[in-house]
>>> print(open('entry06.pdb').read())   # PDB, C-alpha atoms
MODEL        1
ATOM      1  CA  MET A   1       0.000   0.000   0.000
ATOM      2  CA  GLN A   2       1.326   3.396  -0.956
ATOM      3  CA  ASP A   3       2.294   5.663   1.929
ATOM      4  CA  PRO A   4       0.023   8.696   2.560
ATOM      5  CA  TYR A   5       2.623  11.291   1.720
ATOM      6  CA  GLY A   6       3.680   9.514  -1.468
ATOM      7  CA  ALA A   7       0.015   9.391  -2.470
ATOM      8  CA  LEU A   8      -0.333  13.122  -1.746
ATOM      9  CA  VAL A   9       2.632  13.923  -3.960
ATOM     10  CA  ALA A  10       1.219  11.630  -6.659
ATOM     11  CA  LEU A  11      -2.162  13.372  -6.319
ATOM     12  CA  VAL A  12      -0.655  16.826  -6.733
ATOM     13  CA  ARG A  13       1.402  15.546  -9.620
ATOM     14  CA  PHE A  14      -1.698  14.034 -11.231
ATOM     15  CA  ASP A  15      -3.648  17.290 -10.839
ATOM     16  CA  ASN A  16      -0.694  19.190 -12.226
ATOM     17  CA  ASN A  17      -0.596  17.015 -15.329
ATOM     18  CA  THR A  18      -4.350  17.279 -15.708
ATOM     19  CA  HIS A  19      -4.192  21.068 -15.490
ATOM     20  CA  ALA A  20      -1.387  21.089 -18.044
ATOM     21  CA  ARG A  21      -3.452  18.968 -20.435
ATOM     22  CA  GLU A  22      -6.528  21.113 -19.877
ATOM     23  CA  HIS A  23      -4.480  24.215 -20.592
ATOM     24  CA  GLU A  24      -3.149  22.638 -23.782
ATOM     25  CA  ILE A  25      -6.693  21.724 -24.782
ATOM     26  CA  ALA A  26      -7.771  25.321 -24.145
ATOM     27  CA  LEU A  27      -4.955  26.562 -26.385
ATOM     28  CA  LYS A  28      -5.982  24.167 -29.147
ATOM     29  CA  LYS A  29      -9.599  25.279 -28.821
ATOM     30  CA  THR A  30      -8.436  28.881 -29.055
ATOM     31  CA  GLY A  31      -6.545  27.997 -32.225
ATOM     32  CA  LEU A  32      -9.635  26.264 -33.575
ATOM     33  CA  LEU A  33     -11.729  29.316 -32.743
ATOM     34  CA  SER A  34      -9.208  31.547 -34.511
ATOM     35  CA  ILE A  35      -9.435  29.446 -37.670
ATOM     36  CA  THR A  36     -13.229  29.531 -37.518
ATOM     37  CA  LYS A  37     -13.134  33.297 -37.047
ATOM     38  CA  ASN A  38     -10.892  33.702 -40.092
ATOM     39  CA  ILE A  39     -13.321  31.666 -42.184
ATOM     40  CA  GLN A  40     -16.269  33.700 -40.905
ATOM     41  CA  GLU A  41     -14.467  36.956 -41.688
ATOM     42  CA  ALA A  42     -13.777  35.735 -45.220
ATOM     43  CA  GLU A  43     -17.432  34.759 -45.628
ATOM     44  CA  GLN A  44     -18.488  38.151 -44.297
ATOM     45  CA  GLY A  45     -16.242  39.793 -46.885
ATOM     46  CA  LEU A  46     -18.098  37.869 -49.589
ATOM     47  CA  VAL A  47     -21.442  38.970 -48.138
ATOM     48  CA  VAL A  48     -20.307  42.613 -48.146
ATOM     49  CA  ALA A  49     -19.094  42.356 -51.752
ATOM     50  CA  ARG A  50     -22.398  40.844 -52.871
ATOM     51  CA  GLU A  51     -24.378  43.499 -51.017
ATOM     52  CA  ALA A  52     -22.335  46.260 -52.680
ATOM     53  CA  SER A  53     -23.059  44.692 -56.060
ATOM     54  CA  ARG A  54     -26.765  44.435 -55.245
ATOM     55  CA  LEU A  55     -26.951  48.133 -54.337
ATOM     56  CA  LEU A  56     -25.171  49.073 -57.557
ATOM     57  CA  GLU A  57     -27.590  46.964 -59.591
ATOM     58  CA  LYS A  58     -30.453  48.683 -57.823
ATOM     59  CA  ARG A  59     -28.993  52.105 -58.643
ATOM     60  CA  GLN A  60     -28.436  51.054 -62.246
ATOM     61  CA  HIS A  61     -32.086  50.037 -62.499
ATOM     62  CA  GLU A  62     -33.182  53.382 -61.022
ATOM     63  CA  ILE A  63     -31.057  55.303 -63.541
ATOM     64  CA  ASP A  64     -32.460  53.215 -66.372
ATOM     65  CA  LEU A  65     -35.999  54.082 -65.279
ATOM     66  CA  GLU A  66     -35.109  57.773 -65.115
ATOM     67  CA  LEU A  67     -33.630  57.623 -68.625
ATOM     68  CA  ARG A  68     -36.819  56.000 -69.885
ATOM     69  CA  THR A  69     -38.778  58.813 -68.254
ATOM     70  CA  CYS A  70     -36.517  61.315 -70.014
ATOM     71  CA  ASP A  71     -37.293  59.636 -73.338
ATOM     72  CA  GLN A  72     -41.020  59.911 -72.658
ATOM     73  CA  GLU A  73     -40.675  63.573 -71.704
ATOM     74  CA  ASP A  74     -38.607  64.240 -74.824
ATOM     75  CA  ARG A  75     -41.326  62.740 -77.028
ATOM     76  CA  ARG A  76     -43.941  64.824 -75.245
ATOM     77  CA  ILE A  77     -41.936  68.037 -75.696
ATOM     78  CA  SER A  78     -41.210  67.224 -79.354
ATOM     79  CA  SER A  79     -44.902  66.656 -79.999
ATOM     80  CA  ARG A  80     -45.834  69.976 -78.432
ATOM     81  CA  LEU A  81     -43.048  71.827 -80.246
ATOM     82  CA  ASP A  82     -44.482  70.631 -83.564
ATOM     83  CA  THR A  83     -47.725  72.474 -82.836
ATOM     84  CA  ALA A  84     -46.415  75.392 -80.815
ATOM     85  CA  GLY A  85     -45.854  78.751 -82.381
ATOM     86  CA  ARG A  86     -42.855  80.987 -81.881
ATOM     87  CA  GLY A  87     -44.291  82.559 -78.779
ATOM     88  CA  LYS A  88     -43.833  82.011 -75.059
ATOM     89  CA  GLU A  89     -44.953  78.384 -75.213
ATOM     90  CA  PHE A  90     -42.231  77.564 -77.727
ATOM     91  CA  GLU A  91     -39.628  79.331 -75.605
ATOM     92  CA  ALA A  92     -40.780  77.510 -72.449
ATOM     93  CA  LEU A  93     -40.693  74.140 -74.218
ATOM     94  CA  THR A  94     -37.216  74.911 -75.558
ATOM     95  CA  HIS A  95     -35.936  75.653 -72.033
ATOM     96  CA  GLU A  96     -37.663  72.528 -70.731
ATOM     97  CA  ARG A  97     -36.003  70.411 -73.409
ATOM     98  CA  ALA A  98     -32.581  71.924 -72.668
ATOM     99  CA  ALA A  99     -33.006  71.098 -68.972
ATOM    100  CA  LEU A 100     -34.140  67.610 -69.933
ATOM    101  CA  GLU A 101     -31.064  67.071 -72.106
ATOM    102  CA  SER A 102     -28.830  68.284 -69.291
ATOM    103  CA  ARG A 103     -30.540  65.845 -66.956
ATOM    104  CA  ARG A 104     -30.154  63.030 -69.500
ATOM    105  CA  THR A 105     -26.430  63.745 -69.848
ATOM    106  CA  ILE A 106     -25.933  63.511 -66.086
ATOM    107  CA  LEU A 107     -27.926  60.265 -65.921
ATOM    108  CA  GLU A 108     -25.951  58.723 -68.770
ATOM    109  CA  GLN A 109     -22.697  59.634 -67.031
ATOM    110  CA  ASP A 110     -24.014  58.134 -63.796
ATOM    111  CA  PHE A 111     -25.093  55.011 -65.670
ATOM    112  CA  GLU A 112     -21.611  54.597 -67.132
ATOM    113  CA  THR A 113     -19.998  55.144 -63.711
ATOM    114  CA  VAL A 114     -22.284  52.584 -62.080
ATOM    115  CA  TRP A 115     -21.581  50.163 -64.916
ATOM    116  CA  GLU A 116     -17.851  50.438 -64.241
ATOM    117  CA  GLN A 117     -18.440  50.054 -60.505
ATOM    118  CA  LEU A 118     -20.531  46.954 -61.150
ATOM    119  CA  ALA A 119     -17.721  45.422 -63.176
ATOM    120  CA  ALA A 120     -15.314  46.124 -60.304
ATOM    121  CA  ALA A 121     -17.854  44.725 -57.819
ATOM    122  CA  GLU A 122     -18.123  41.482 -59.786
ATOM    123  CA  LYS A 123     -14.346  41.136 -59.647
ATOM    124  CA  ALA A 124     -14.455  41.827 -55.898
ATOM    125  CA  ILE A 125     -17.085  39.102 -55.485
ATOM    126  CA  LEU A 126     -14.918  36.657 -57.411
ATOM    127  CA  ARG A 127     -11.873  37.508 -55.275
ATOM    128  CA  ALA A 128     -13.889  37.180 -52.061
ATOM    129  CA  LYS A 129     -15.369  33.871 -53.206
ATOM    130  CA  ASN A 130     -11.931  32.506 -54.087
ATOM    131  CA  HIS A 131     -10.614  33.693 -50.715
ATOM    132  CA  VAL A 132     -13.413  31.869 -48.897
ATOM    133  CA  GLU A 133     -12.772  28.682 -50.863
ATOM    134  CA  ASN A 134      -9.004  28.890 -50.381
ATOM    135  CA  ILE A 135      -9.104  29.555 -46.643
ATOM    136  CA  ALA A 136     -11.701  26.823 -46.140
ATOM    137  CA  ARG A 137      -9.627  24.333 -48.132
ATOM    138  CA  GLU A 138      -6.378  25.267 -46.376
ATOM    139  CA  SER A 139      -7.989  25.278 -42.929
ATOM    140  CA  ALA A 140      -9.822  21.968 -43.290
ATOM    141  CA  PRO A 141      -6.822  19.756 -42.381
ATOM    142  CA  GLN A 142      -5.993  22.017 -39.413
ATOM    143  CA  VAL A 143      -9.568  21.929 -38.155
ATOM    144  CA  VAL A 144      -9.793  18.147 -38.483
ATOM    145  CA  GLY A 145      -6.403  17.714 -36.817
ATOM    146  CA  LEU A 146      -7.158  20.026 -33.899
ATOM    147  CA  GLU A 147     -10.585  18.500 -33.311
ATOM    148  CA  GLN A 148      -9.047  15.019 -33.285
ATOM    149  CA  GLU A 149      -6.292  16.082 -30.878
ATOM    150  CA  ILE A 150      -8.818  17.737 -28.562
ATOM    151  CA  ARG A 151     -11.032  14.630 -28.536
ATOM    152  CA  GLU A 152      -8.086  12.359 -27.801
ATOM    153  CA  MET A 153      -6.770  14.577 -24.998
ATOM    154  CA  GLU A 154     -10.197  14.928 -23.397
ATOM    155  CA  GLN A 155     -10.701  11.180 -23.661
ATOM    156  CA  LYS A 156      -7.314  10.559 -22.070
ATOM    157  CA  ILE A 157      -8.166  12.845 -19.155
ATOM    158  CA  GLY A 158     -11.448  11.000 -18.656
ATOM    159  CA  GLU A 159      -9.771   7.596 -18.781
ATOM    160  CA  HIS A 160      -7.348   8.505 -15.983
ATOM    161  CA  LEU A 161      -9.837  10.076 -13.579
ATOM    162  CA  SER A 162     -10.097   6.795 -11.680
ATOM    163  CA  GLU A 163      -6.420   7.152 -10.738
ATOM    164  CA  ARG A 164      -7.239  10.252  -8.744
ATOM    165  CA  GLU A 165      -9.791   8.332  -6.710
ATOM    166  CA  THR A 166      -7.072   5.829  -5.829
ATOM    167  CA  PHE A 167      -4.826   8.597  -4.512
ATOM    168  CA  LEU A 168      -7.687  10.138  -2.519
ATOM    169  CA  LYS A 169      -8.300   6.847  -0.706
ATOM    170  CA  THR A 170      -4.700   6.765   0.512
ATOM    171  CA  VAL A 171      -4.054  10.388   1.472
ATOM    172  CA  ARG A 172      -5.019  11.475   4.968
ATOM    173  CA  PRO A 173      -8.349  13.365   5.053
ATOM    174  CA  GLU A 174      -6.837  16.402   6.789
ATOM    175  CA  TRP A 175      -4.215  16.682   4.076
ATOM    176  CA  ILE A 176      -6.889  16.434   1.391
ATOM    177  CA  ALA A 177      -8.874  19.197   3.106
ATOM    178  CA  LEU A 178      -5.838  21.478   3.210
ATOM    179  CA  TYR A 179      -4.908  20.614  -0.351
ATOM    180  CA  ASP A 180      -8.433  21.331  -1.594
ATOM    181  CA  GLN A 181      -8.350  24.705   0.163
ATOM    182  CA  MET A 182      -5.097  25.545  -1.567
ATOM    183  CA  ARG A 183      -6.403  24.340  -4.942
ATOM    184  CA  THR A 184      -9.139  26.969  -4.773
ATOM    185  CA  ARG A 185      -6.356  29.540  -4.926
ATOM    186  CA  PHE A 186      -4.822  28.190  -8.119
ATOM    187  CA  VAL A 187      -4.053  30.651 -10.865
ATOM    188  CA  ASN A 188      -4.536  29.255 -14.371
ATOM    189  CA  PRO A 189      -2.771  28.268 -16.423
ATOM    190  CA  PHE A 190      -1.205  25.960 -13.863
ATOM    191  CA  VAL A 191       2.563  26.319 -13.908
ATOM    192  CA  PRO A 192       4.189  23.364 -12.084
ATOM    193  CA  LEU A 193       7.685  24.692 -11.951
ATOM    194  CA  MET A 194      10.148  26.096  -9.472
ATOM    195  CA  SER A 195      13.451  27.101 -10.992
ATOM    196  CA  ASN A 196      16.374  28.389  -8.947
ATOM    197  CA  GLY A 197      14.107  29.044  -5.999
ATOM    198  CA  THR A 198      11.630  31.207  -7.929
ATOM    199  CA  CYS A 199       8.041  30.626  -9.036
ATOM    200  CA  GLY A 200       7.763  29.627 -12.672
ATOM    201  CA  GLY A 201       4.503  31.539 -12.862
ATOM    202  CA  CYS A 202       5.252  34.983 -11.448
ATOM    203  CA  GLY A 203       9.005  34.784 -10.837
ATOM    204  CA  SER A 204       8.773  35.526  -7.123
ATOM    205  CA  PRO A 205      11.088  33.805  -4.602
ATOM    206  CA  VAL A 206       9.496  30.612  -3.294
ATOM    207  CA  ALA A 207       9.981  29.000   0.110
ATOM    208  CA  ARG A 208       9.067  25.432   1.012
ATOM    209  CA  THR A 209       5.753  25.306   2.813
ATOM    210  CA  ASP A 210       4.973  22.720   5.461
ATOM    211  CA  ILE A 211       1.728  20.873   4.747
ATOM    212  CA  ALA A 212       0.055  19.456   7.838
ATOM    213  CA  SER A 213       3.462  19.199   9.521
ATOM    214  CA  VAL A 214       4.576  16.578   7.026
ATOM    215  CA  GLU A 215       8.302  16.132   7.256
ATOM    216  CA  ARG A 216      10.475  16.004   4.175
ATOM    217  CA  HIS A 217       7.679  17.622   2.177
ATOM    218  CA  GLN A 218       8.262  18.370  -1.494
ATOM    219  CA  ILE A 219       5.272  20.616  -2.166
ATOM    220  CA  VAL A 220       6.052  24.275  -2.677
ATOM    221  CA  SER A 221       3.545  27.117  -2.578
ATOM    222  CA  CYS A 222       4.172  30.569  -4.038
ATOM    223  CA  GLN A 223       3.154  33.160  -1.468
ATOM    224  CA  VAL A 224       2.571  35.772  -4.188
ATOM    225  CA  CYS A 225       0.473  34.127  -6.902
ATOM    226  CA  ARG A 226      -0.594  31.192  -4.662
ATOM    227  CA  ARG A 227       0.411  28.489  -7.109
ATOM    228  CA  ILE A 228       1.175  25.032  -5.736
ATOM    229  CA  LEU A 229       4.442  23.937  -7.323
ATOM    230  CA  TYR A 230       6.502  20.788  -7.537
ATOM    231  CA  ASP A 231      10.110  20.674  -6.642
ATOM    232  CA  GLY A 232      12.292  20.344  -9.741
ATOM    233  CA  HIS A 233      12.892  16.575  -9.678
ATOM    234  CA  VAL A 234       9.201  15.905  -9.014
ATOM    235  CA  ALA A 235       8.065  18.030 -11.935
ATOM    236  CA  GLU A 236      10.508  16.221 -14.155
ATOM    237  CA  GLY A 237       8.796  12.919 -13.425
ATOM    238  CA  ALA A 238      10.450  11.390 -10.351
ATOM    239  CA  ASP A 239       8.532   8.533  -8.776
ATOM    240  CA  ALA A 240       6.898   9.232  -5.409
ATOM    241  CA  THR A 241       8.951   6.498  -3.740
ATOM    242  CA  GLN A 242      12.128   8.120  -5.031
ATOM    243  CA  ILE A 243      11.024  11.414  -3.545
ATOM    244  CA  MET A 244      10.399   9.790  -0.202
ATOM    245  CA  GLY A 245      13.832   8.146  -0.343
TER
ENDMDL
END
>>> encode(input="entry06.pdb", output="structure tokens")
Amino acid sequence: MQDPYGALVALVRFDNNTHAREHEIALKKTGLLSITKNIQEAEQGLVVAREASRLLEKRQHEIDLELRTCDQEDRRISSRLDTAGRGKEFEALTHERAALESRRTILEQDFETVWEQLAAAEKAILRAKNHVENIARESAPQVVGLEQEIREMEQKIGEHLSERETFLKTVRPEWIALYDQMRTRFVNPFVPLMSNGTCGGCGSPVARTDIASVERHQIVSCQVCRRILYDGHVAEGADATQIMG
């Protein structure tokens, strides 16, 4: 039967590894989210390009209707000019026709401008569509790979949860209570490292902390960021029995 202190060290070590895996999973999920965001941004760019094209088509249709109206007005004025004398009516119709021609010129220029903008918009749509297809194709292997890695890591964590129960049965209840209290003060991501007497998380000097008066303890707590740290040889994978000597 494993000694209580060895089980406590193994428990902390197990939790440390679990936290490390969970942190790695979180990083992979962040990477997955970033890829998804890039795809969504590309798709949004395509939506914007299509909307710009739609508005230009709408404006082109409006200009076309106005030009048709100008044609109708021109026929009306021409018909009246044929019967009008050289008096005020003729002069008024002449001014009206001049204004109509000026309006038609502006509309035709606008129509040509919109036509050019539509051609550019179609090219923008094609570029945006190609970008969406390219980023989706390039990202697909990454997405599949990350999702697979995440599933495997989460499955591995689940498969080893029973080991923690084994440690809990061996460790003294008062030690577990103290350990659980200290775990509530963890700062993620969990950094199980003490190098040259300093905390691997915040860099502050770290002193060994007695846990429940256990002699020859190997657990170290940072008094600044409150991380629970392993001693160097424990973090590197030393067996609990080796630690206990």
>>> closest_residue(input="entry06.pdb", among="A:Glu51, A:Gln72, A:Ile125, A:Ile35", to="Val144 (chain A)", atoms="only C-alpha atoms")
A:Ile35
>>> resolve_selection(input="entry06.pdb", expression="the PyMOL selection byres ((chain A and resi 114) around 12)", output="list in words")
Ala52, Ser53, Arg54, Leu55, Leu56, Glu57, Lys58, Arg59, Gln60, His61, Glu62, Ile63, Asp64, Leu107, Glu108, Gln109, Asp110, Phe111, Glu112, Thr113, Trp115, Glu116, Gln117, Leu118, Ala119, Ala120 and Ala121 of chain A
>>> axis_aligned_box(input="entry06.pdb", around="region 46-49 of chain A", padding_each_side="8 Å", output="JSON")
{"center_x": -19.8, "center_y": 40.2, "center_z": -49.9, "size_x": 19.3, "size_y": 20.7, "size_z": 19.6}
>>> closest_residue(input="entry06.pdb", among="A:Glu149, A:Glu122, A:Glu66, A:Asp3", to="Arg21 (chain A)", atoms="all atoms listed in the file")
A:Glu149
>>> residues_near_point(input="entry06.pdb", point="(-38.8, 69.4, -71.0)", cutoff="10 Å", atoms="only C-alpha atoms", output="PyMOL selection string")
chain A and resi 70+72-78+92-101+103
>>> atom_distance(input="entry06.pdb", atom1="CA of Leu32 (chain A)", atom2="CA of Gln148 (chain A)")
11.3 Å
>>> atom_distance(input="entry06.pdb", atom1="CA of Thr36 (chain A)", atom2="CA of Thr18 (chain A)")
26.5 Å
>>> residues_around(input="entry06.pdb", residues="Val171 (chain A)", least_positions_apart="2", cutoff="10 Å", atoms="only C-alpha atoms", output="list in words")
Gln2, Asp3, Pro4, Tyr5, Gly6, Ala7, Leu8, Val9, Ala10, Leu11, Thr166, Phe167, Leu168, Lys169, Pro173, Glu174, Trp175 and Ile176 of chain A
